[in-house]
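See below for input22.pdb, which holds PDB, C-alpha atoms.
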ATOM      1  CA  MET X   1      99.779  59.021 140.791
ATOM      2  CA  THR X   2      96.141  59.413 139.710
ATOM      3  CA  VAL X   3      93.636  56.955 141.147
ATOM      4  CA  ASN X   4      90.927  55.811 138.728
ATOM      5  CA  VAL X   5      87.463  55.541 140.272
ATOM      6  CA  LEU X   6      84.715  53.966 138.178
ATOM      7  CA  PHE X   7      81.181  55.073 139.030
ATOM      8  CA  ALA X   8      79.188  51.942 138.171
ATOM      9  CA  LEU X   9      75.628  53.141 138.658
ATOM     10  CA  ALA X  10      72.809  54.481 136.524
ATOM     11  CA  GLU X  11      73.421  57.756 134.697
ATOM     12  CA  GLU X  12      70.918  59.727 136.795
ATOM     13  CA  ARG X  13      72.762  58.761 139.970
ATOM     14  CA  TRP X  14      76.017  60.050 138.457
ATOM     15  CA  ARG X  15      74.439  63.469 138.190
ATOM     16  CA  ASP X  16      73.695  63.341 141.922
ATOM     17  CA  TYR X  17      77.077  61.975 142.949
ATOM     18  CA  GLU X  18      79.593  63.651 140.662
ATOM     19  CA  ALA X  19      80.056  66.879 142.625
ATOM     20  CA  PRO X  20      80.053  65.433 146.175
ATOM     21  CA  LEU X  21      82.346  62.557 145.202
ATOM     22  CA  ARG X  22      84.870  64.901 143.607
ATOM     23  CA  LYS X  23      84.695  67.178 146.640
ATOM     24  CA  GLU X  24      85.189  64.447 149.251
ATOM     25  CA  ILE X  25      87.944  62.588 147.397
ATOM     26  CA  ALA X  26      89.800  65.857 146.862
ATOM     27  CA  ALA X  27      89.417  66.606 150.578
ATOM     28  CA  ILE X  28      91.357  63.467 151.533
ATOM     29  CA  GLY X  29      94.272  64.558 149.362
ATOM     30  CA  VAL X  30      93.934  61.877 146.686
ATOM     31  CA  GLU X  31      94.264  62.856 143.042
ATOM     32  CA  ALA X  32      91.513  60.953 141.273
ATOM     33  CA  HIS X  33      89.967  60.508 137.870
ATOM     34  CA  ILE X  34      86.280  59.742 138.511
ATOM     35  CA  ALA X  35      84.140  58.714 135.556
ATOM     36  CA  THR X  36      81.535  56.271 134.276
ATOM     37  CA  ASP X  37      83.568  54.949 131.340
ATOM     38  CA  ILE X  38      87.021  53.900 132.555
ATOM     39  CA  PRO X  39      88.375  50.708 130.925
ATOM     40  CA  ALA X  40      88.109  47.797 133.373
ATOM     41  CA  ASP X  41      91.837  47.029 133.463
ATOM     42  CA  GLN X  42      92.587  50.621 134.496
ATOM     43  CA  VAL X  43      90.103  50.872 137.382
ATOM     44  CA  ASP X  44      91.417  51.145 140.944
ATOM     45  CA  TYR X  45      88.069  51.356 142.775
ATOM     46  CA  LEU X  46      84.466  50.692 141.798
ATOM     47  CA  VAL X  47      81.756  52.835 143.355
ATOM     48  CA  TYR X  48      79.063  50.304 142.790
ATOM     49  CA  SER X  49      75.362  49.487 142.754
ATOM     50  CA  PRO X  50      74.353  45.841 142.285
ATOM     51  CA  ASN X  51      71.825  46.839 139.603
ATOM     52  CA  SER X  52      74.507  48.450 137.432
ATOM     53  CA  GLU X  53      75.662  47.039 134.119
ATOM     54  CA  VAL X  54      78.828  45.710 135.759
ATOM     55  CA  GLN X  55      78.106  42.088 136.647
ATOM     56  CA  ASP X  56      81.398  40.465 135.639
ATOM     57  CA  PHE X  57      84.326  41.545 137.810
ATOM     58  CA  THR X  58      86.884  39.385 136.034
ATOM     59  CA  PRO X  59      88.269  42.218 133.820
ATOM     60  CA  PHE X  60      89.018  44.437 136.850
ATOM     61  CA  THR X  61      92.523  43.106 137.270
ATOM     62  CA  ARG X  62      94.096  46.023 139.125
ATOM     63  CA  ALA X  63      91.117  47.177 141.223
ATOM     64  CA  LYS X  64      91.530  47.242 145.000
ATOM     65  CA  ALA X  65      87.902  47.209 146.180
ATOM     66  CA  VAL X  66      84.236  47.363 145.286
ATOM     67  CA  LEU X  67      82.622  50.137 147.325
ATOM     68  CA  ASN X  68      78.920  49.337 147.476
ATOM     69  CA  LEU X  69      76.482  52.240 147.685
ATOM     70  CA  TRP X  70      73.786  50.113 149.295
ATOM     71  CA  ALA X  71      73.700  48.944 152.904
ATOM     72  CA  GLY X  72      72.593  45.523 151.658
ATOM     73  CA  VAL X  73      74.991  43.378 149.657
ATOM     74  CA  GLU X  74      72.931  40.243 149.023
ATOM     75  CA  ALA X  75      72.609  41.085 145.313
ATOM     76  CA  VAL X  76      76.382  41.064 144.782
ATOM     77  CA  VAL X  77      78.049  39.053 147.552
ATOM     78  CA  GLY X  78      77.333  35.749 145.821
ATOM     79  CA  ASN X  79      78.633  36.833 142.406
ATOM     80  CA  PRO X  80      81.113  34.091 141.443
ATOM     81  CA  THR X  81      83.323  36.555 139.547
ATOM     82  CA  LEU X  82      83.781  38.853 142.546
ATOM     83  CA  HIS X  83      87.447  38.498 143.481
ATOM     84  CA  LEU X  84      87.822  41.888 145.170
ATOM     85  CA  PRO X  85      87.189  43.139 148.705
ATOM     86  CA  LEU X  86      83.563  44.274 149.009
ATOM     87  CA  CYS X  87      82.591  47.102 151.362
ATOM     88  CA  ARG X  88      78.983  47.841 152.275
ATOM     89  CA  MET X  89      77.680  51.345 152.770
ATOM     90  CA  VAL X  90      77.472  52.707 156.286
ATOM     91  CA  ASP X  91      77.071  56.421 156.815
ATOM     92  CA  PRO X  92      75.460  58.654 159.454
ATOM     93  CA  ALA X  93      72.597  59.764 157.195
ATOM     94  CA  LEU X  94      71.690  56.191 156.281
ATOM     95  CA  THR X  95      71.592  55.306 159.969
ATOM     96  CA  GLN X  96      69.716  58.431 160.979
ATOM     97  CA  GLY X  97      67.104  57.908 158.288
ATOM     98  CA  MET X  98      66.414  54.406 159.586
ATOM     99  CA  VAL X  99      66.226  55.593 163.200
ATOM    100  CA  GLU X 100      63.716  58.302 162.254
ATOM    101  CA  TRP X 101      61.523  55.914 160.243
ATOM    102  CA  VAL X 102      61.478  53.236 162.939
ATOM    103  CA  THR X 103      60.887  55.542 165.890
ATOM    104  CA  GLY X 104      58.315  57.579 163.946
ATOM    105  CA  HIS X 105      56.202  54.580 162.991
ATOM    106  CA  ILE X 106      56.440  52.959 166.408
ATOM    107  CA  LEU X 107      55.352  56.209 168.073
ATOM    108  CA  ARG X 108      52.498  56.580 165.578
ATOM    109  CA  LEU X 109      51.154  53.161 166.592
ATOM    110  CA  HIS X 110      52.084  53.443 170.256
ATOM    111  CA  LEU X 111      50.244  56.770 170.644
ATOM    112  CA  GLY X 112      47.280  55.681 168.539
ATOM    113  CA  MET X 113      47.666  58.670 166.238
ATOM    114  CA  ASP X 114      45.595  57.210 163.408
ATOM    115  CA  ALA X 115      42.459  57.110 165.554
ATOM    116  CA  HIS X 116      42.631  60.869 166.085
ATOM    117  CA  ILE X 117      43.793  61.781 162.586
ATOM    118  CA  ASN X 118      41.014  59.753 160.944
ATOM    119  CA  ALA X 119      38.249  60.419 163.482
ATOM    120  CA  PRO X 120      35.114  62.167 162.175
ATOM    121  CA  ALA X 121      34.853  65.832 163.076
ATOM    122  CA  GLY X 122      33.352  66.327 166.503
ATOM    123  CA  THR X 123      34.580  63.006 167.870
ATOM    124  CA  TRP X 124      35.839  63.440 171.436
ATOM    125  CA  ALA X 125      37.238  60.190 172.782
ATOM    126  CA  PRO X 126      39.707  60.897 175.596
ATOM    127  CA  GLY X 127      41.983  58.142 176.802
ATOM    128  CA  ALA X 128      45.660  58.199 177.623
ATOM    129  CA  PRO X 129      47.950  56.051 175.463
ATOM    130  CA  PRO X 130      50.278  53.522 177.117
ATOM    131  CA  LEU X 131      53.690  54.592 178.316
ATOM    132  CA  SER X 132      56.901  53.456 176.683
ATOM    133  CA  PHE X 133      58.073  52.272 180.110
ATOM    134  CA  ASP X 134      55.466  49.490 179.935
ATOM    135  CA  THR X 135      56.061  48.533 176.297
ATOM    136  CA  HIS X 136      58.514  45.980 174.925
ATOM    137  CA  VAL X 137      60.226  46.381 171.547
ATOM    138  CA  THR X 138      62.271  43.594 169.997
ATOM    139  CA  VAL X 139      64.802  44.495 167.288
ATOM    140  CA  LEU X 140      65.915  41.573 165.150
ATOM    141  CA  GLY X 141      69.369  42.367 163.811
ATOM    142  CA  LEU X 142      71.939  44.355 165.763
ATOM    143  CA  GLY X 143      74.233  45.623 163.037
ATOM    144  CA  GLU X 144      74.844  49.332 162.502
ATOM    145  CA  LEU X 145      71.188  50.097 161.779
ATOM    146  CA  GLY X 146      69.628  47.736 164.293
ATOM    147  CA  ALA X 147      71.884  48.814 167.139
ATOM    148  CA  ALA X 148      71.167  52.489 166.432
ATOM    149  CA  CYS X 149      67.404  51.915 166.372
ATOM    150  CA  ALA X 150      67.499  49.821 169.544
ATOM    151  CA  THR X 151      69.497  52.494 171.354
ATOM    152  CA  ALA X 152      67.153  55.277 170.202
ATOM    153  CA  LEU X 153      64.070  53.352 171.334
ATOM    154  CA  ALA X 154      65.642  52.633 174.710
ATOM    155  CA  GLY X 155      66.338  56.352 174.991
ATOM    156  CA  LEU X 156      62.604  56.965 174.573
ATOM    157  CA  GLY X 157      61.914  54.683 177.524
ATOM    158  CA  PHE X 158      60.904  51.491 175.731
ATOM    159  CA  GLN X 159      62.049  48.157 177.123
ATOM    160  CA  VAL X 160      64.235  46.940 174.272
ATOM    161  CA  THR X 161      65.411  43.433 173.498
ATOM    162  CA  GLY X 162      67.776  42.889 170.610
ATOM    163  CA  TRP X 163      68.500  39.623 168.828
ATOM    164  CA  SER X 164      71.344  38.707 166.508
ATOM    165  CA  ARG X 165      72.802  35.460 165.234
ATOM    166  CA  SER X 166      76.020  36.124 167.159
ATOM    167  CA  GLN X 167      75.945  37.537 170.680
ATOM    168  CA  LYS X 168      76.218  41.328 171.022
ATOM    169  CA  ASP X 169      76.609  43.620 174.031
ATOM    170  CA  ILE X 170      74.894  47.016 173.795
ATOM    171  CA  ALA X 171      74.358  49.273 176.791
ATOM    172  CA  GLY X 172      70.719  49.510 177.850
ATOM    173  CA  ILE X 173      69.609  46.657 175.546
ATOM    174  CA  THR X 174      68.855  43.066 176.515
ATOM    175  CA  CYS X 175      70.887  41.206 173.881
ATOM    176  CA  LEU X 176      70.001  37.644 172.919
ATOM    177  CA  SER X 177      71.263  35.254 170.261
ATOM    178  CA  GLY X 178      70.739  31.774 168.888
ATOM    179  CA  ASP X 179      67.509  29.891 168.203
ATOM    180  CA  ALA X 180      66.363  29.879 171.822
ATOM    181  CA  GLY X 181      67.175  33.563 172.089
ATOM    182  CA  LEU X 182      65.008  34.337 169.056
ATOM    183  CA  ASP X 183      62.010  32.625 170.631
ATOM    184  CA  GLU X 184      62.607  34.485 173.895
ATOM    185  CA  ALA X 185      62.917  37.826 172.104
ATOM    186  CA  LEU X 186      59.681  37.331 170.170
ATOM    187  CA  ALA X 187      57.741  36.155 173.216
ATOM    188  CA  VAL X 188      57.990  39.643 174.786
ATOM    189  CA  ALA X 189      57.646  41.686 171.570
ATOM    190  CA  ASP X 190      54.797  44.192 171.680
ATOM    191  CA  TYR X 191      56.625  45.568 168.639
ATOM    192  CA  CYS X 192      59.061  43.685 166.426
ATOM    193  CA  VAL X 193      61.450  45.562 164.114
ATOM    194  CA  LEU X 194      63.186  43.510 161.421
ATOM    195  CA  LEU X 195      66.664  44.719 160.486
ATOM    196  CA  LEU X 196      68.397  41.465 159.638
ATOM    197  CA  PRO X 197      70.422  41.024 156.459
ATOM    198  CA  LYS X 198      68.957  38.832 153.732
ATOM    199  CA  THR X 199      70.695  35.467 153.796
ATOM    200  CA  PRO X 200      69.445  31.878 153.422
ATOM    201  CA  ALA X 201      69.481  31.638 157.230
ATOM    202  CA  THR X 202      67.266  34.707 157.736
ATOM    203  CA  GLU X 203      64.627  34.073 155.055
ATOM    204  CA  ASN X 204      61.167  33.688 156.623
ATOM    205  CA  THR X 205      62.452  34.534 160.095
ATOM    206  CA  LEU X 206      58.863  35.527 160.820
ATOM    207  CA  ASN X 207      56.754  32.527 159.852
ATOM    208  CA  ALA X 208      53.687  30.774 161.227
ATOM    209  CA  ARG X 209      55.614  29.322 164.165
ATOM    210  CA  THR X 210      57.513  32.437 165.185
ATOM    211  CA  LEU X 211      54.540  34.771 164.681
ATOM    212  CA  ALA X 212      52.542  32.571 167.050
ATOM    213  CA  LEU X 213      55.171  33.163 169.739
ATOM    214  CA  MET X 214      54.458  36.906 169.805
ATOM    215  CA  PRO X 215      51.903  38.380 172.225
ATOM    216  CA  LYS X 216      48.380  38.788 170.869
ATOM    217  CA  GLY X 217      48.051  42.316 169.488
ATOM    218  CA  ALA X 218      51.737  42.684 168.622
ATOM    219  CA  ARG X 219      52.842  45.037 165.856
ATOM    220  CA  ILE X 220      55.517  44.397 163.220
ATOM    221  CA  LEU X 221      57.743  46.844 161.347
ATOM    222  CA  ASN X 222      59.879  45.640 158.452
ATOM    223  CA  PRO X 223      62.309  48.199 157.011
ATOM    224  CA  GLY X 224      64.955  45.493 156.494
ATOM    225  CA  ARG X 225      64.370  42.956 153.722
ATOM    226  CA  GLY X 226      61.124  41.627 152.239
ATOM    227  CA  PRO X 227      62.045  37.917 152.408
ATOM    228  CA  LEU X 228      62.478  38.101 156.191
ATOM    229  CA  ILE X 229      58.709  37.556 156.413
ATOM    230  CA  ASP X 230      56.568  34.657 155.212
ATOM    231  CA  ASP X 231      53.864  36.822 153.629
ATOM    232  CA  ALA X 232      51.106  34.208 153.708
ATOM    233  CA  ALA X 233      51.765  33.528 157.399
ATOM    234  CA  LEU X 234      51.715  37.234 158.241
ATOM    235  CA  LEU X 235      48.448  37.811 156.383
ATOM    236  CA  ALA X 236      46.899  34.864 158.216
ATOM    237  CA  ALA X 237      48.068  36.210 161.586
ATOM    238  CA  LEU X 238      46.674  39.659 160.731
ATOM    239  CA  ASP X 239      43.335  38.199 159.623
ATOM    240  CA  ALA X 240      43.116  36.186 162.840
ATOM    241  CA  GLY X 241      43.804  39.292 164.919
ATOM    242  CA  HIS X 242      46.883  37.772 166.537
ATOM    243  CA  ILE X 243      49.067  40.447 164.925
ATOM    244  CA  ASP X 244      47.429  43.855 165.228
ATOM    245  CA  HIS X 245      49.341  45.743 162.549
ATOM    246  CA  ALA X 246      52.269  45.492 160.146
ATOM    247  CA  THR X 247      54.123  48.506 158.758
ATOM    248  CA  LEU X 248      56.115  47.310 155.776
ATOM    249  CA  ASP X 249      58.709  49.209 153.758
ATOM    250  CA  VAL X 250      60.320  46.320 151.856
ATOM    251  CA  PHE X 251      58.873  43.467 149.813
ATOM    252  CA  ARG X 252      59.864  40.405 147.824
ATOM    253  CA  ILE X 253      58.805  42.187 144.625
ATOM    254  CA  GLU X 254      59.348  45.941 144.277
ATOM    255  CA  PRO X 255      57.521  48.062 143.380
ATOM    256  CA  LEU X 256      54.805  46.162 145.246
ATOM    257  CA  PRO X 257      52.321  44.907 142.607
ATOM    258  CA  GLU X 258      49.021  46.784 142.493
ATOM    259  CA  ASP X 259      47.046  43.633 143.225
ATOM    260  CA  ASP X 260      49.083  42.636 146.275
ATOM    261  CA  PRO X 261      46.808  42.144 149.320
ATOM    262  CA  TYR X 262      49.066  44.292 151.487
ATOM    263  CA  TRP X 263      47.815  47.424 149.686
ATOM    264  CA  THR X 264      44.235  47.052 150.865
ATOM    265  CA  HIS X 265      44.604  45.156 154.123
ATOM    266  CA  PRO X 266      43.136  47.261 156.958
ATOM    267  CA  ARG X 267      45.907  46.236 159.346
ATOM    268  CA  VAL X 268      48.825  46.989 157.015
ATOM    269  CA  THR X 269      50.688  50.208 156.235
ATOM    270  CA  VAL X 270      52.804  50.168 153.058
ATOM    271  CA  THR X 271      55.665  52.595 152.551
ATOM    272  CA  PRO X 272      57.636  52.551 149.247
ATOM    273  CA  HIS X 273      61.126  51.466 150.403
ATOM    274  CA  ILE X 274      61.929  54.859 151.897
ATOM    275  CA  ALA X 275      62.971  53.942 155.435
ATOM    276  CA  SER X 276      66.603  54.699 154.766
ATOM    277  CA  GLU X 277      68.126  56.234 151.667
ATOM    278  CA  THR X 278      71.732  56.694 150.619
ATOM    279  CA  ARG X 279      72.347  60.450 150.320
ATOM    280  CA  PRO X 280      75.279  61.559 148.146
ATOM    281  CA  ALA X 281      76.548  64.301 150.456
ATOM    282  CA  TYR X 282      77.062  61.749 153.240
ATOM    283  CA  SER X 283      77.814  58.480 151.470
ATOM    284  CA  SER X 284      80.544  60.208 149.434
ATOM    285  CA  LYS X 285      82.449  60.716 152.700
ATOM    286  CA  THR X 286      82.395  56.972 153.383
ATOM    287  CA  ILE X 287      83.557  56.225 149.834
ATOM    288  CA  ALA X 288      86.369  58.755 150.092
ATOM    289  CA  GLU X 289      87.558  57.399 153.429
ATOM    290  CA  ASN X 290      87.783  53.871 152.046
ATOM    291  CA  ILE X 291      89.747  55.110 149.043
ATOM    292  CA  ARG X 292      92.103  56.907 151.412
ATOM    293  CA  ARG X 293      92.505  53.697 153.390
ATOM    294  CA  GLY X 294      93.136  51.658 150.263
ATOM    295  CA  GLU X 295      95.831  54.037 149.094
ATOM    296  CA  ALA X 296      97.424  54.114 152.559
ATOM    297  CA  GLY X 297      97.391  50.337 152.906
ATOM    298  CA  GLU X 298      94.997  50.475 155.853
ATOM    299  CA  PRO X 299      92.064  48.078 156.446
ATOM    300  CA  PHE X 300      88.853  49.018 154.664
ATOM    301  CA  LEU X 301      85.811  50.086 156.648
ATOM    302  CA  HIS X 302      82.668  47.929 156.615
ATOM    303  CA  LEU X 303      84.312  45.016 154.834
ATOM    304  CA  VAL X 304      81.810  42.284 153.996
ATOM    305  CA  ASP X 305      82.306  38.802 155.385
ATOM    306  CA  ARG X 306      81.743  36.771 152.226
ATOM    307  CA  THR X 307      81.084  33.594 154.217
ATOM    308  CA  ALA X 308      78.390  35.180 156.391
ATOM    309  CA  GLY X 309      76.963  37.127 153.457
ATOM    310  CA  TYR X 310      76.996  40.547 155.126
TER     311      TYR X 310
END

In structure tokens, what does this structure look like?
Amino acid sequence: MTVNVLFALAEERWRDYEAPLRKEIAAIGVEAHIATDIPADQVDYLVYSPNSEVQDFTPFTRAKAVLNLWAGVEAVVGNPTLHLPLCRMVDPALTQGMVEWVTGHILRLHLGMDAHINAPAGTWAPGAPPLSFDTHVTVLGLGELGAACATALAGLGFQVTGWSRSQKDIAGITCLSGDAGLDEALAVADYCVLLLPKTPATENTLNARTLALMPKGARILNPGRGPLIDDAALLAALDAGHIDHATLDVFRIEPLPEDDPYWTHPRVTVTPHIASETRPAYSSKTIAENIRRGEAGEPFLHLVDRTAGY
């Protein structure tokens, strides 16, 4: 029997995904019709982006799952018409991209690279940077991406504390949870990396109160979600010198408006939501495996907890 897979994304993404999706689904031994125009009542699986034209899932009466191509699901998980299992995207390239962005930007700040890169010619200012052994990094969020980043940083010698809403256990990482755990994690954070999901409970996790808990001179990296930070509170902490630097990849409004103060703030680095990208050659493998599981009656990978929101 042929499985019908609807690709519910923008046309330009179809051009990127068509070949790898066909290849990976064929490799699992499933005969599939993959297209962008399958009638809703004939669709078995939706390969989906929350910004696609599909916003009403009611007509998808025979579909088995929505296979999200984004790691984040906040734009779809609350859709009242969503009656199907929802799977978020997890793949090795997505994880590796985040690890490289986080470790790269922490090392840039930790080693003081900007001072040498931007120094006038002829400037000779020797001075050894601090060692990772003496530096604390706190990672907020210990899901797939957060756990991978925490483990990589620990492997570089940093003292790593991780925080999550529910208690985790990761080798080499001090794992904390709960409100008291959050305060404890921030109190030791020379660097704070935000990799929490966007939910009502995580909005403004960094605010005036929690920023004040961090050591003077702390640095912040946000490759997670823009609303995790109270922007006005962060700007105030930067202006006061309590927070030394913020490297931000995600924002409440994207693209970041040209008149946003983050663009010109001397203590802020803006990157254009590039920390981790879904790459067709890798994410197609995750999609194919979940289709295989659906056809075999096995549990889906990376199934979203609709109550928790991630």

(request) Check the smallest atom-to-atom distance from each of X:Thr269, X:Tyr191, X:Ser49, X:Ala185 to X:Leu107 using all atoms listed in the file, then report the winner. (result)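 Answer, going by the shortest atom-to-atom distance: X:Tyr191.
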
Per residue of stretch 144-196 of chain X within 12 Å of stretch 108-122 of chain X, record the nearest atom pair and its distance in Å to one decimal, counting all atoms listed in the file, with rows in chain order and ascending residue number, as a Markdown table.
| residue | atom | partner | partner_atom | distance |
| --- | --- | --- | --- | --- |
| X:Leu156 | CA | X:His110 | CA | 11.9 |
| X:Phe158 | CA | X:His110 | CA | 10.6 |
| X:Asp190 | CA | X:His110 | CA | 9.7 |
| X:Tyr191 | CA | X:His110 | CA | 9.2 |

(message) What's the separation between atom CA of X:Ile106 and atom CA of X:Ala147, in Å to one decimal place?
(response)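 If I compute the distance from atom CA of X:Ile106 to atom CA of X:Ala147, I get 16.0 Å.
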
(request) Enumerate, as a PyMOL selection string, the residues matched when the PyMOL selection byres ((chain X and resi 232) around 12) is run on the file above. (result) chain X and resi 204+206-208+211+227+229-231+233-239+260-262

(request) Provide the atom CA of X:Cys192 to atom CA of X:His273 distance in Å, to one decimal place. (result) 17.9 Å

Kindly list the centre and edge lengths in Å, rounded to one decimal, for the axis-aligned box that covers all listed atoms of stretch 279-285 of chain X plus 4 Å on each of its six sides, as JSON.
{"center_x": 77.4, "center_y": 61.4, "center_z": 150.7, "size_x": 18.1, "size_y": 13.8, "size_z": 13.1}

(request) Just the residues within 10 Å of X:Lys23, please, counting all atoms listed in the file, with nothing from its chain fewer than 3 positions along; format it as a list in words. (result)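 Returned residues: Tyr17, Glu18, Ala19, Pro20, Ala26, Ala27, Ile28, Ala281, Ser284, Lys285 and Ala288 of chain X.
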
(message) Could you list, as a list in words, every residue within 12 Å of X:Glu277, counting only C-alpha atoms and ignoring same-chain residues fewer than 4 positions away?
(response)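 Residues meeting the cut-off are Leu69, Trp70, Ala71, Gly72, Met89, Val90, Asp91, Pro92, Ala93, Leu94, Thr95, Gln96, Gly97, Met98, Val99, Glu100, Trp101, Pro223, Asp249, Pro272, His273, Ala281, Tyr282 and Ser283 of chain X.
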
Pull C-alpha atoms from the residues just selected and write them as a compact mmCIF listing (two decimals), in the coordinates of the input.
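Saved file selection_12.txt follows:
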# COMPACT_ATOMS: atom_id res chain seq x y z
CA LEU X 69 76.48 52.24 147.68
CA TRP X 70 73.79 50.11 149.29
CA ALA X 71 73.70 48.94 152.90
CA GLY X 72 72.59 45.52 151.66
CA MET X 89 77.68 51.34 152.77
CA VAL X 90 77.47 52.71 156.29
CA ASP X 91 77.07 56.42 156.82
CA PRO X 92 75.46 58.65 159.45
CA ALA X 93 72.60 59.76 157.20
CA LEU X 94 71.69 56.19 156.28
CA THR X 95 71.59 55.31 159.97
CA GLN X 96 69.72 58.43 160.98
CA GLY X 97 67.10 57.91 158.29
CA MET X 98 66.41 54.41 159.59
CA VAL X 99 66.23 55.59 163.20
CA GLU X 100 63.72 58.30 162.25
CA TRP X 101 61.52 55.91 160.24
CA PRO X 223 62.31 48.20 157.01
CA ASP X 249 58.71 49.21 153.76
CA PRO X 272 57.64 52.55 149.25
CA HIS X 273 61.13 51.47 150.40
CA ALA X 281 76.55 64.30 150.46
CA TYR X 282 77.06 61.75 153.24
CA SER X 283 77.81 58.48 151.47

(request) Starting from the displayed file, determine the output of the PyMOL selection byres ((chain X and resi 221) around 6) and express the residue list as a ChimeraX atom specification. (result) /X:193,220,222,246-248

(message) Given all atoms listed in the file as the basis, pick out the residue of X:Cys87, X:Leu194, X:Cys175, X:Ala65 nearest to X:Thr286.
(response) X:Cys87

Specify as a PDB file with C-alpha atoms, keeping the file's coordinate frame each residue included when the PyMOL selection byres ((chain X and resi 36) around 12) is applied to this file.
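Contents of part_8.pdb, as written:
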ATOM      1  CA  ASN X   4      90.927  55.811 138.728  1.00  0.00           C
ATOM      2  CA  VAL X   5      87.463  55.541 140.272  1.00  0.00           C
ATOM      3  CA  LEU X   6      84.715  53.966 138.178  1.00  0.00           C
ATOM      4  CA  PHE X   7      81.181  55.073 139.030  1.00  0.00           C
ATOM      5  CA  ALA X   8      79.188  51.942 138.171  1.00  0.00           C
ATOM      6  CA  LEU X   9      75.628  53.141 138.658  1.00  0.00           C
ATOM      7  CA  ALA X  10      72.809  54.481 136.524  1.00  0.00           C
ATOM      8  CA  GLU X  11      73.421  57.756 134.697  1.00  0.00           C
ATOM      9  CA  GLU X  12      70.918  59.727 136.795  1.00  0.00           C
ATOM     10  CA  ARG X  13      72.762  58.761 139.970  1.00  0.00           C
ATOM     11  CA  TRP X  14      76.017  60.050 138.457  1.00  0.00           C
ATOM     12  CA  ARG X  15      74.439  63.469 138.190  1.00  0.00           C
ATOM     13  CA  TYR X  17      77.077  61.975 142.949  1.00  0.00           C
ATOM     14  CA  GLU X  18      79.593  63.651 140.662  1.00  0.00           C
ATOM     15  CA  HIS X  33      89.967  60.508 137.870  1.00  0.00           C
ATOM     16  CA  ILE X  34      86.280  59.742 138.511  1.00  0.00           C
ATOM     17  CA  ALA X  35      84.140  58.714 135.556  1.00  0.00           C
ATOM     18  CA  ASP X  37      83.568  54.949 131.340  1.00  0.00           C
ATOM     19  CA  ILE X  38      87.021  53.900 132.555  1.00  0.00           C
ATOM     20  CA  PRO X  39      88.375  50.708 130.925  1.00  0.00           C
ATOM     21  CA  ALA X  40      88.109  47.797 133.373  1.00  0.00           C
ATOM     22  CA  VAL X  43      90.103  50.872 137.382  1.00  0.00           C
ATOM     23  CA  TYR X  45      88.069  51.356 142.775  1.00  0.00           C
ATOM     24  CA  LEU X  46      84.466  50.692 141.798  1.00  0.00           C
ATOM     25  CA  VAL X  47      81.756  52.835 143.355  1.00  0.00           C
ATOM     26  CA  TYR X  48      79.063  50.304 142.790  1.00  0.00           C
ATOM     27  CA  SER X  52      74.507  48.450 137.432  1.00  0.00           C
ATOM     28  CA  GLU X  53      75.662  47.039 134.119  1.00  0.00           C
ATOM     29  CA  VAL X  54      78.828  45.710 135.759  1.00  0.00           C
TER      30      VAL X  54
END

(request) Mind checking which residues fall within 12 Å of X:Ser177, counting only C-alpha atoms, ignoring those fewer than 2 positions away in the same chain, and posting them as a ChimeraX atom specification? (result) /X:139-142,161-169,174-175,179-186

(request) Take the point (52.8, 53.7, 180.5) in the file's coordinates, draw a sphere of radius 12 Å around it, and report as a list in words every protein, DNA or RNA residue with an atom inside or on it, counting only C-alpha atoms. (result)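 With a cut-off of 12 Å, the residues come to His110, Leu111, Ala128, Pro129, Pro130, Leu131, Ser132, Phe133, Asp134, Thr135, His136, Leu156, Gly157, Phe158 and Gln159 of chain X.
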
(message) What's the separation between atom CA of X:Thr205 and atom CA of X:Leu228, in Å to one decimal place?
(response)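 Atom CA of X:Thr205 sits 5.3 Å away from atom CA of X:Leu228.
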
(request) Have a look at X:His242, X:His302, X:Arg225, X:Arg279 and name the one nearest to X:Glu254; count all atoms listed in the file. (result) X:Arg225

(request) Can you work out which one of X:Gly226, X:Gly155, X:Gly127, X:Pro215 has the shortest atom-to-atom distance to X:Glu203, counting only C-alpha atoms? (result)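 When distances to X:Glu203 are compared using only C-alpha atoms, the smallest one comes from X:Gly226.
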
(message) Give me the residues near X:Gln42 as a list in words, where near means some atom within 9 Å (using all atoms listed in the file) and where sequence neighbours in that chain fewer than 6 positions away do not count.
(response)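 What passes the distance filter is Asn4, Phe60, Thr61, Arg62 and Ala63 of chain X.
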